file final_11.pdb (PDB, C-alpha atoms)
ATOM      1  CA  MET A   1     -67.667 -89.071 104.045
ATOM      2  CA  PRO A   2     -64.502 -90.869 105.083
ATOM      3  CA  LEU A   3     -64.133 -94.603 104.531
ATOM      4  CA  THR A   4     -65.923 -96.335 107.438
ATOM      5  CA  PHE A   5     -66.140 -99.873 108.824
ATOM      6  CA  ILE A   6     -68.252-101.280 111.652
ATOM      7  CA  LEU A   7     -66.400-103.835 113.752
ATOM      8  CA  PRO A   8     -66.521-106.699 114.432
ATOM      9  CA  LYS A   9     -68.849-107.403 111.475
ATOM     10  CA  GLU A  10     -66.603-105.754 108.848
ATOM     11  CA  TYR A  11     -63.254-106.628 110.438
ATOM     12  CA  VAL A  12     -61.885-108.567 107.449
ATOM     13  CA  GLY A  13     -62.624-105.698 105.034
ATOM     14  CA  PHE A  14     -61.149-103.197 107.484
ATOM     15  CA  LEU A  15     -58.001-105.287 107.944
ATOM     16  CA  GLU A  16     -57.507-105.535 104.175
ATOM     17  CA  LYS A  17     -57.880-101.766 103.705
ATOM     18  CA  PHE A  18     -55.744-100.941 106.739
ATOM     19  CA  SER A  19     -52.944-103.195 105.435
ATOM     20  CA  GLU A  20     -53.171-101.746 101.932
ATOM     21  CA  LEU A  21     -52.899 -98.180 103.248
ATOM     22  CA  GLU A  22     -50.176 -99.105 105.744
ATOM     23  CA  ASP A  23     -48.034-100.314 102.831
ATOM     24  CA  LYS A  24     -48.489 -96.909 101.152
ATOM     25  CA  GLU A  25     -48.386 -94.578 104.162
ATOM     26  CA  GLY A  26     -46.584 -96.406 106.969
ATOM     27  CA  LYS A  27     -47.160 -94.794 110.379
ATOM     28  CA  MET A  28     -49.217 -91.994 108.784
ATOM     29  CA  ASN A  29     -52.099 -94.456 108.194
ATOM     30  CA  TYR A  30     -54.467 -92.946 110.772
ATOM     31  CA  TRP A  31     -57.942 -94.116 111.713
ATOM     32  CA  ILE A  32     -60.325 -92.788 114.329
ATOM     33  CA  MET A  33     -61.809 -95.527 116.513
ATOM     34  CA  LYS A  34     -65.202 -94.715 118.054
ATOM     35  CA  PRO A  35     -67.229 -96.956 120.349
ATOM     36  CA  ALA A  36     -70.670 -97.295 118.740
ATOM     37  CA  ALA A  37     -72.577 -97.114 122.036
ATOM     38  CA  LYS A  38     -70.921 -94.062 123.606
ATOM     39  CA  SER A  39     -71.298 -90.307 123.274
ATOM     40  CA  ARG A  40     -69.486 -87.058 124.114
ATOM     41  CA  GLY A  41     -66.130 -88.341 122.883
ATOM     42  CA  ARG A  42     -65.868 -91.147 125.435
ATOM     43  CA  GLY A  43     -63.617 -93.970 124.279
ATOM     44  CA  ILE A  44     -62.512 -92.293 121.023
ATOM     45  CA  SER A  45     -58.904 -92.778 120.030
ATOM     46  CA  LEU A  46     -56.656 -92.243 117.057
ATOM     47  CA  VAL A  47     -54.849 -95.396 115.905
ATOM     48  CA  ASN A  48     -52.165 -96.094 113.330
ATOM     49  CA  GLU A  49     -51.190 -99.649 114.275
ATOM     50  CA  ILE A  50     -53.441-102.686 113.909
ATOM     51  CA  ASN A  51     -52.647-103.887 117.454
ATOM     52  CA  GLN A  52     -54.307-100.699 118.801
ATOM     53  CA  VAL A  53     -57.679-101.718 117.331
ATOM     54  CA  THR A  54     -60.205-103.265 119.721
ATOM     55  CA  TYR A  55     -63.525-104.739 118.685
ATOM     56  CA  GLY A  56     -65.018-106.703 121.580
ATOM     57  CA  ASP A  57     -67.899-104.231 121.513
ATOM     58  CA  ALA A  58     -69.273-102.601 118.383
ATOM     59  CA  MET A  59     -66.674-100.128 117.122
ATOM     60  CA  ILE A  60     -66.732 -97.609 114.277
ATOM     61  CA  MET A  61     -63.439 -97.371 112.371
ATOM     62  CA  GLN A  62     -63.259 -94.308 110.182
ATOM     63  CA  ARG A  63     -60.406 -93.098 108.010
ATOM     64  CA  TYR A  64     -58.981 -90.027 109.700
ATOM     65  CA  ILE A  65     -59.092 -86.822 107.646
ATOM     66  CA  LYS A  66     -55.468 -85.683 107.711
ATOM     67  CA  ASN A  67     -55.940 -82.355 105.953
ATOM     68  CA  PRO A  68     -59.154 -80.902 107.399
ATOM     69  CA  LEU A  69     -60.402 -77.406 106.733
ATOM     70  CA  LEU A  70     -59.202 -75.335 109.687
ATOM     71  CA  ILE A  71     -60.335 -72.034 111.124
ATOM     72  CA  LYS A  72     -57.451 -70.044 112.567
ATOM     73  CA  GLY A  73     -55.527 -73.316 112.815
ATOM     74  CA  TYR A  74     -58.201 -75.231 114.778
ATOM     75  CA  LYS A  75     -60.346 -78.220 113.827
ATOM     76  CA  PHE A  76     -64.085 -77.717 113.888
ATOM     77  CA  ASP A  77     -67.301 -79.465 113.003
ATOM     78  CA  LEU A  78     -70.822 -78.307 112.245
ATOM     79  CA  ARG A  79     -74.117 -79.352 113.761
ATOM     80  CA  ILE A  80     -77.004 -78.618 111.456
ATOM     81  CA  TYR A  81     -80.449 -79.844 112.440
ATOM     82  CA  VAL A  82     -82.979 -81.198 109.955
ATOM     83  CA  LEU A  83     -86.614 -82.077 110.614
ATOM     84  CA  LEU A  84     -87.772 -84.835 108.282
ATOM     85  CA  THR A  85     -91.576 -84.691 108.058
ATOM     86  CA  SER A  86     -92.145 -87.032 105.129
ATOM     87  CA  VAL A  87     -90.164 -89.600 103.168
ATOM     88  CA  ASN A  88     -92.528 -90.024 100.237
ATOM     89  CA  PRO A  89     -92.810 -87.343  99.063
ATOM     90  CA  LEU A  90     -89.569 -86.126 100.615
ATOM     91  CA  GLU A  91     -90.124 -83.123 102.843
ATOM     92  CA  ALA A  92     -87.468 -81.749 105.176
ATOM     93  CA  PHE A  93     -86.835 -78.499 106.994
ATOM     94  CA  ILE A  94     -83.388 -77.198 107.918
ATOM     95  CA  TYR A  95     -83.205 -75.257 111.149
ATOM     96  CA  ARG A  96     -81.329 -72.038 110.408
ATOM     97  CA  GLU A  97     -79.332 -71.845 113.650
ATOM     98  CA  GLY A  98     -77.170 -74.839 114.478
ATOM     99  CA  PHE A  99     -73.661 -74.509 115.835
ATOM    100  CA  GLY A 100     -69.996 -75.254 115.331
ATOM    101  CA  ARG A 101     -67.608 -76.888 117.805
ATOM    102  CA  PHE A 102     -63.860 -76.271 117.994
ATOM    103  CA  SER A 103     -60.822 -78.070 119.334
ATOM    104  CA  THR A 104     -58.741 -76.245 121.959
ATOM    105  CA  GLN A 105     -55.244 -76.753 120.551
ATOM    106  CA  PRO A 106     -54.045 -75.945 117.027
ATOM    107  CA  TYR A 107     -54.149 -78.863 114.592
ATOM    108  CA  THR A 108     -51.058 -80.840 113.683
ATOM    109  CA  LEU A 109     -50.770 -84.513 112.842
ATOM    110  CA  ASN A 110     -47.745 -86.513 113.851
ATOM    111  CA  PRO A 111     -47.158 -89.766 115.743
ATOM    112  CA  ASN A 112     -46.160 -87.832 118.875
ATOM    113  CA  ASN A 113     -49.533 -86.117 119.349
ATOM    114  CA  LYS A 114     -52.051 -88.750 118.301
ATOM    115  CA  ALA A 115     -53.236 -89.215 121.913
ATOM    116  CA  ASN A 116     -53.874 -85.477 122.374
ATOM    117  CA  LYS A 117     -57.662 -85.255 122.230
ATOM    118  CA  TYR A 118     -57.563 -81.448 122.523
ATOM    119  CA  ILE A 119     -56.035 -81.340 119.035
ATOM    120  CA  HIS A 120     -58.034 -84.053 117.286
ATOM    121  CA  LEU A 121     -61.538 -83.899 118.830
ATOM    122  CA  THR A 122     -64.076 -81.093 118.935
ATOM    123  CA  ASN A 123     -66.281 -82.497 121.697
ATOM    124  CA  VAL A 124     -66.989 -79.748 124.230
ATOM    125  CA  SER A 125     -67.313 -82.393 126.962
ATOM    126  CA  ILE A 126     -63.621 -83.241 126.396
ATOM    127  CA  ASN A 127     -62.193 -79.824 125.564
ATOM    128  CA  LYS A 128     -63.657 -78.132 128.636
ATOM    129  CA  TYR A 129     -60.908 -79.867 130.638
ATOM    130  CA  ASN A 130     -58.071 -78.279 128.660
ATOM    131  CA  LEU A 131     -56.725 -75.837 131.247
ATOM    132  CA  ASP A 132     -54.337 -74.351 128.678
ATOM    133  CA  ALA A 133     -57.212 -73.321 126.389
ATOM    134  CA  MET A 134     -57.838 -69.737 125.443
ATOM    135  CA  ASP A 135     -59.832 -67.434 127.702
ATOM    136  CA  ARG A 136     -63.372 -68.766 127.548
ATOM    137  CA  ASN A 137     -64.745 -65.499 128.944
ATOM    138  CA  ASN A 138     -63.749 -63.652 125.785
ATOM    139  CA  SER A 139     -66.882 -63.548 123.661
ATOM    140  CA  ASP A 140     -64.822 -62.746 120.552
ATOM    141  CA  VAL A 141     -63.025 -66.087 120.699
ATOM    142  CA  ILE A 142     -64.709 -68.461 118.267
ATOM    143  CA  PHE A 143     -62.559 -71.441 119.106
ATOM    144  CA  GLY A 144     -61.085 -72.870 122.293
ATOM    145  CA  GLY A 145     -63.504 -75.723 122.804
ATOM    146  CA  SER A 146     -66.542 -73.511 122.610
ATOM    147  CA  LYS A 147     -69.709 -73.877 120.651
ATOM    148  CA  VAL A 148     -70.455 -71.037 118.298
ATOM    149  CA  SER A 149     -73.629 -70.186 116.457
ATOM    150  CA  LEU A 150     -73.902 -70.669 112.719
ATOM    151  CA  THR A 151     -74.346 -66.907 112.477
ATOM    152  CA  THR A 152     -70.898 -66.391 114.035
ATOM    153  CA  LEU A 153     -69.453 -69.143 111.876
ATOM    154  CA  ALA A 154     -70.973 -67.581 108.743
ATOM    155  CA  LYS A 155     -69.125 -64.336 109.503
ATOM    156  CA  THR A 156     -65.882 -66.269 109.924
ATOM    157  CA  PHE A 157     -66.398 -68.092 106.613
ATOM    158  CA  ALA A 158     -67.057 -64.774 104.894
ATOM    159  CA  ASP A 159     -64.032 -63.052 106.446
ATOM    160  CA  ASP A 160     -61.490 -65.897 106.280
ATOM    161  CA  PHE A 161     -62.577 -67.868 103.193
ATOM    162  CA  LYS A 162     -64.655 -65.329 101.234
ATOM    163  CA  VAL A 163     -67.610 -67.743 101.293
ATOM    164  CA  ASP A 164     -71.134 -66.372 100.970
ATOM    165  CA  TRP A 165     -72.856 -68.451 103.650
ATOM    166  CA  GLN A 166     -76.321 -67.471 102.477
ATOM    167  CA  LYS A 167     -75.685 -68.855  98.997
ATOM    168  CA  VAL A 168     -74.194 -72.073 100.381
ATOM    169  CA  MET A 169     -76.874 -72.786 102.987
ATOM    170  CA  TRP A 170     -79.970 -71.221 101.456
ATOM    171  CA  PRO A 171     -79.655 -71.269  97.645
ATOM    172  CA  GLN A 172     -82.556 -69.816  95.716
TER
END
call {"tool": "encode", "arguments": {"input": "final_11.pdb", "output": "structure tokens"}}
result
Amino acid sequence: MPLTFILPKEYVGFLEKFSELEDKEGKMNYWIMKPAAKSRGRGISLVNEINQVTYGDAMIMQRYIKNPLLIKGYKFDLRIYVLLTSVNPLEAFIYREGFGRFSTQPYTLNPNNKANKYIHLTNVSINKYNLDAMDRNNSDVIFGGSKVSLTTLAKTFADDFKVDWQKVMWPQ
């Protein structure tokens, strides 16, 4: 999990780490700023200067992953659902069919595109507005802001990365 701070409570620690990394990385010191009380990508921004950080309301500051695993050049994330039925003893069930979400523009990271949410975010509620996205009526397209089933994603992992999804998700 990337380095994370909750503002304003952890502002001093965040500022120290931000400054330390800024000395090493300069303008490539990226953080994703997420309002704690919002959903569907609302209010999220990518920042690389301390004066871009706001913390009047609770804000999550998370170190931006600059070299994410990509599928066909696009960022993605996974949603896997777990039902926790007991803590002691621990008992949990993983639902076998979650989904993946994809960005609608190929991933690159540079100071000129940090405001482009279609590159950096996978939220369908944001990417559905990208009019330049791929044809959403094509059922073979597994990216372009769409959600895809884990079954479809498993095939992609097998084809593109030679990963046996069954062994990763359901080890014996």
call {"tool": "atom_distance", "arguments": {"input": "final_11.pdb", "atom1": "atom CA of Asn29 of chain A", "atom2": "atom CA of Asn48 of chain A"}}
result
5.4 Å
call {"tool": "closest_residue", "arguments": {"input": "final_11.pdb", "among": "A:Phe5, A:Tyr74, A:Tyr64, A:Phe102", "to": "Thr122 of chain A", "atoms": "only C-alpha atoms"}}
result
A:Phe102
call {"tool": "resolve_selection", "arguments": {"input": "final_11.pdb", "expression": "the PyMOL selection byres ((chain A and resi 125) around 10)", "output": "list in words"}}
result
Ser39, Arg40, Gly41, Arg42, Thr122, Asn123, Val124, Ile126, Asn127, Lys128, Tyr129, Gly145 and Ser146 of chain A
call {"tool": "atom_distance", "arguments": {"input": "final_11.pdb", "atom1": "atom CA of Gln62 of chain A", "atom2": "atom CA of Ile6 of chain A"}}
result
8.7 Å
call {"tool": "atom_distance", "arguments": {"input": "final_11.pdb", "atom1": "atom CA of Arg101 of chain A", "atom2": "atom CA of Ala158 of chain A"}}
result
17.7 Å
call {"tool": "build_atoms", "arguments": {"input": "final_11.pdb", "residues": "segment 105-135 of chain A", "atoms": "N, CA and C atoms", "output": "PDB file, in the frame of the given file"}}
result
ATOM      1  N   GLN A 105     -56.656 -76.910 120.896  1.00  0.00           N
ATOM      2  CA  GLN A 105     -55.244 -76.753 120.551  1.00  0.00           C
ATOM      3  C   GLN A 105     -55.116 -76.782 119.034  1.00  0.00           C
ATOM      4  N   PRO A 106     -54.208 -75.992 118.488  1.00  0.00           N
ATOM      5  CA  PRO A 106     -54.045 -75.945 117.027  1.00  0.00           C
ATOM      6  C   PRO A 106     -53.756 -77.329 116.451  1.00  0.00           C
ATOM      7  N   TYR A 107     -54.254 -77.556 115.242  1.00  0.00           N
ATOM      8  CA  TYR A 107     -54.149 -78.863 114.592  1.00  0.00           C
ATOM      9  C   TYR A 107     -52.761 -79.112 114.013  1.00  0.00           C
ATOM     10  N   THR A 108     -52.219 -80.255 114.346  1.00  0.00           N
ATOM     11  CA  THR A 108     -51.058 -80.840 113.683  1.00  0.00           C
ATOM     12  C   THR A 108     -51.255 -82.346 113.737  1.00  0.00           C
ATOM     13  N   LEU A 109     -50.662 -83.056 112.828  1.00  0.00           N
ATOM     14  CA  LEU A 109     -50.770 -84.513 112.842  1.00  0.00           C
ATOM     15  C   LEU A 109     -49.375 -85.101 112.772  1.00  0.00           C
ATOM     16  N   ASN A 110     -48.999 -85.761 113.843  1.00  0.00           N
ATOM     17  CA  ASN A 110     -47.745 -86.513 113.851  1.00  0.00           C
ATOM     18  C   ASN A 110     -47.864 -87.609 114.907  1.00  0.00           C
ATOM     19  N   PRO A 111     -47.038 -88.645 114.812  1.00  0.00           N
ATOM     20  CA  PRO A 111     -47.158 -89.766 115.743  1.00  0.00           C
ATOM     21  C   PRO A 111     -46.981 -89.379 117.210  1.00  0.00           C
ATOM     22  N   ASN A 112     -46.373 -88.236 117.486  1.00  0.00           N
ATOM     23  CA  ASN A 112     -46.160 -87.832 118.875  1.00  0.00           C
ATOM     24  C   ASN A 112     -47.383 -87.196 119.522  1.00  0.00           C
ATOM     25  N   ASN A 113     -48.377 -86.782 118.739  1.00  0.00           N
ATOM     26  CA  ASN A 113     -49.533 -86.117 119.349  1.00  0.00           C
ATOM     27  C   ASN A 113     -50.850 -86.847 119.116  1.00  0.00           C
ATOM     28  N   LYS A 114     -50.792 -88.077 118.653  1.00  0.00           N
ATOM     29  CA  LYS A 114     -52.051 -88.750 118.301  1.00  0.00           C
ATOM     30  C   LYS A 114     -52.955 -89.003 119.504  1.00  0.00           C
ATOM     31  N   ALA A 115     -52.413 -89.008 120.723  1.00  0.00           N
ATOM     32  CA  ALA A 115     -53.236 -89.215 121.913  1.00  0.00           C
ATOM     33  C   ALA A 115     -53.797 -87.903 122.462  1.00  0.00           C
ATOM     34  N   ASN A 116     -53.428 -86.772 121.880  1.00  0.00           N
ATOM     35  CA  ASN A 116     -53.874 -85.477 122.374  1.00  0.00           C
ATOM     36  C   ASN A 116     -55.271 -85.176 121.840  1.00  0.00           C
ATOM     37  N   LYS A 117     -56.274 -85.436 122.653  1.00  0.00           N
ATOM     38  CA  LYS A 117     -57.662 -85.255 122.230  1.00  0.00           C
ATOM     39  C   LYS A 117     -58.027 -83.793 122.045  1.00  0.00           C
ATOM     40  N   TYR A 118     -57.284 -82.877 122.672  1.00  0.00           N
ATOM     41  CA  TYR A 118     -57.563 -81.448 122.523  1.00  0.00           C
ATOM     42  C   TYR A 118     -57.216 -80.949 121.117  1.00  0.00           C
ATOM     43  N   ILE A 119     -56.386 -81.681 120.418  1.00  0.00           N
ATOM     44  CA  ILE A 119     -56.035 -81.340 119.035  1.00  0.00           C
ATOM     45  C   ILE A 119     -57.016 -81.983 118.062  1.00  0.00           C
ATOM     46  N   HIS A 120     -57.337 -83.249 118.289  1.00  0.00           N
ATOM     47  CA  HIS A 120     -58.034 -84.053 117.286  1.00  0.00           C
ATOM     48  C   HIS A 120     -59.550 -84.121 117.441  1.00  0.00           C
ATOM     49  N   LEU A 121     -60.089 -83.805 118.615  1.00  0.00           N
ATOM     50  CA  LEU A 121     -61.538 -83.899 118.830  1.00  0.00           C
ATOM     51  C   LEU A 121     -62.135 -82.524 119.100  1.00  0.00           C
ATOM     52  N   THR A 122     -63.385 -82.365 118.731  1.00  0.00           N
ATOM     53  CA  THR A 122     -64.076 -81.093 118.935  1.00  0.00           C
ATOM     54  C   THR A 122     -65.133 -81.177 120.025  1.00  0.00           C
ATOM     55  N   ASN A 123     -65.260 -82.316 120.671  1.00  0.00           N
ATOM     56  CA  ASN A 123     -66.281 -82.497 121.697  1.00  0.00           C
ATOM     57  C   ASN A 123     -66.065 -81.517 122.855  1.00  0.00           C
ATOM     58  N   VAL A 124     -67.080 -80.712 123.142  1.00  0.00           N
ATOM     59  CA  VAL A 124     -66.989 -79.748 124.230  1.00  0.00           C
ATOM     60  C   VAL A 124     -66.804 -80.478 125.558  1.00  0.00           C
ATOM     61  N   SER A 125     -67.425 -81.642 125.708  1.00  0.00           N
ATOM     62  CA  SER A 125     -67.313 -82.393 126.962  1.00  0.00           C
ATOM     63  C   SER A 125     -65.890 -82.866 127.234  1.00  0.00           C
ATOM     64  N   ILE A 126     -65.042 -82.914 126.219  1.00  0.00           N
ATOM     65  CA  ILE A 126     -63.621 -83.241 126.396  1.00  0.00           C
ATOM     66  C   ILE A 126     -62.808 -81.959 126.522  1.00  0.00           C
ATOM     67  N   ASN A 127     -63.021 -81.023 125.621  1.00  0.00           N
ATOM     68  CA  ASN A 127     -62.193 -79.824 125.564  1.00  0.00           C
ATOM     69  C   ASN A 127     -62.376 -78.880 126.746  1.00  0.00           C
ATOM     70  N   LYS A 128     -63.469 -79.003 127.469  1.00  0.00           N
ATOM     71  CA  LYS A 128     -63.657 -78.132 128.636  1.00  0.00           C
ATOM     72  C   LYS A 128     -62.615 -78.399 129.716  1.00  0.00           C
ATOM     73  N   TYR A 129     -61.931 -79.535 129.651  1.00  0.00           N
ATOM     74  CA  TYR A 129     -60.908 -79.867 130.638  1.00  0.00           C
ATOM     75  C   TYR A 129     -59.514 -79.384 130.247  1.00  0.00           C
ATOM     76  N   ASN A 130     -59.374 -78.777 129.092  1.00  0.00           N
ATOM     77  CA  ASN A 130     -58.071 -78.279 128.660  1.00  0.00           C
ATOM     78  C   ASN A 130     -57.793 -76.963 129.381  1.00  0.00           C
ATOM     79  N   LEU A 131     -57.008 -77.016 130.434  1.00  0.00           N
ATOM     80  CA  LEU A 131     -56.725 -75.837 131.247  1.00  0.00           C
ATOM     81  C   LEU A 131     -55.859 -74.829 130.516  1.00  0.00           C
ATOM     82  N   ASP A 132     -55.188 -75.256 129.452  1.00  0.00           N
ATOM     83  CA  ASP A 132     -54.337 -74.351 128.678  1.00  0.00           C
ATOM     84  C   ASP A 132     -55.100 -73.655 127.559  1.00  0.00           C
ATOM     85  N   ALA A 133     -56.411 -73.885 127.484  1.00  0.00           N
ATOM     86  CA  ALA A 133     -57.212 -73.321 126.389  1.00  0.00           C
ATOM     87  C   ALA A 133     -57.286 -71.802 126.529  1.00  0.00           C
ATOM     88  N   MET A 134     -57.705 -71.189 125.451  1.00  0.00           N
ATOM     89  CA  MET A 134     -57.838 -69.737 125.443  1.00  0.00           C
ATOM     90  C   MET A 134     -58.897 -69.298 126.444  1.00  0.00           C
ATOM     91  N   ASP A 135     -58.894 -68.031 126.753  1.00  0.00           N
ATOM     92  CA  ASP A 135     -59.832 -67.434 127.702  1.00  0.00           C
ATOM     93  C   ASP A 135     -61.267 -67.650 127.230  1.00  0.00           C
TER      94      ASP A 135
END
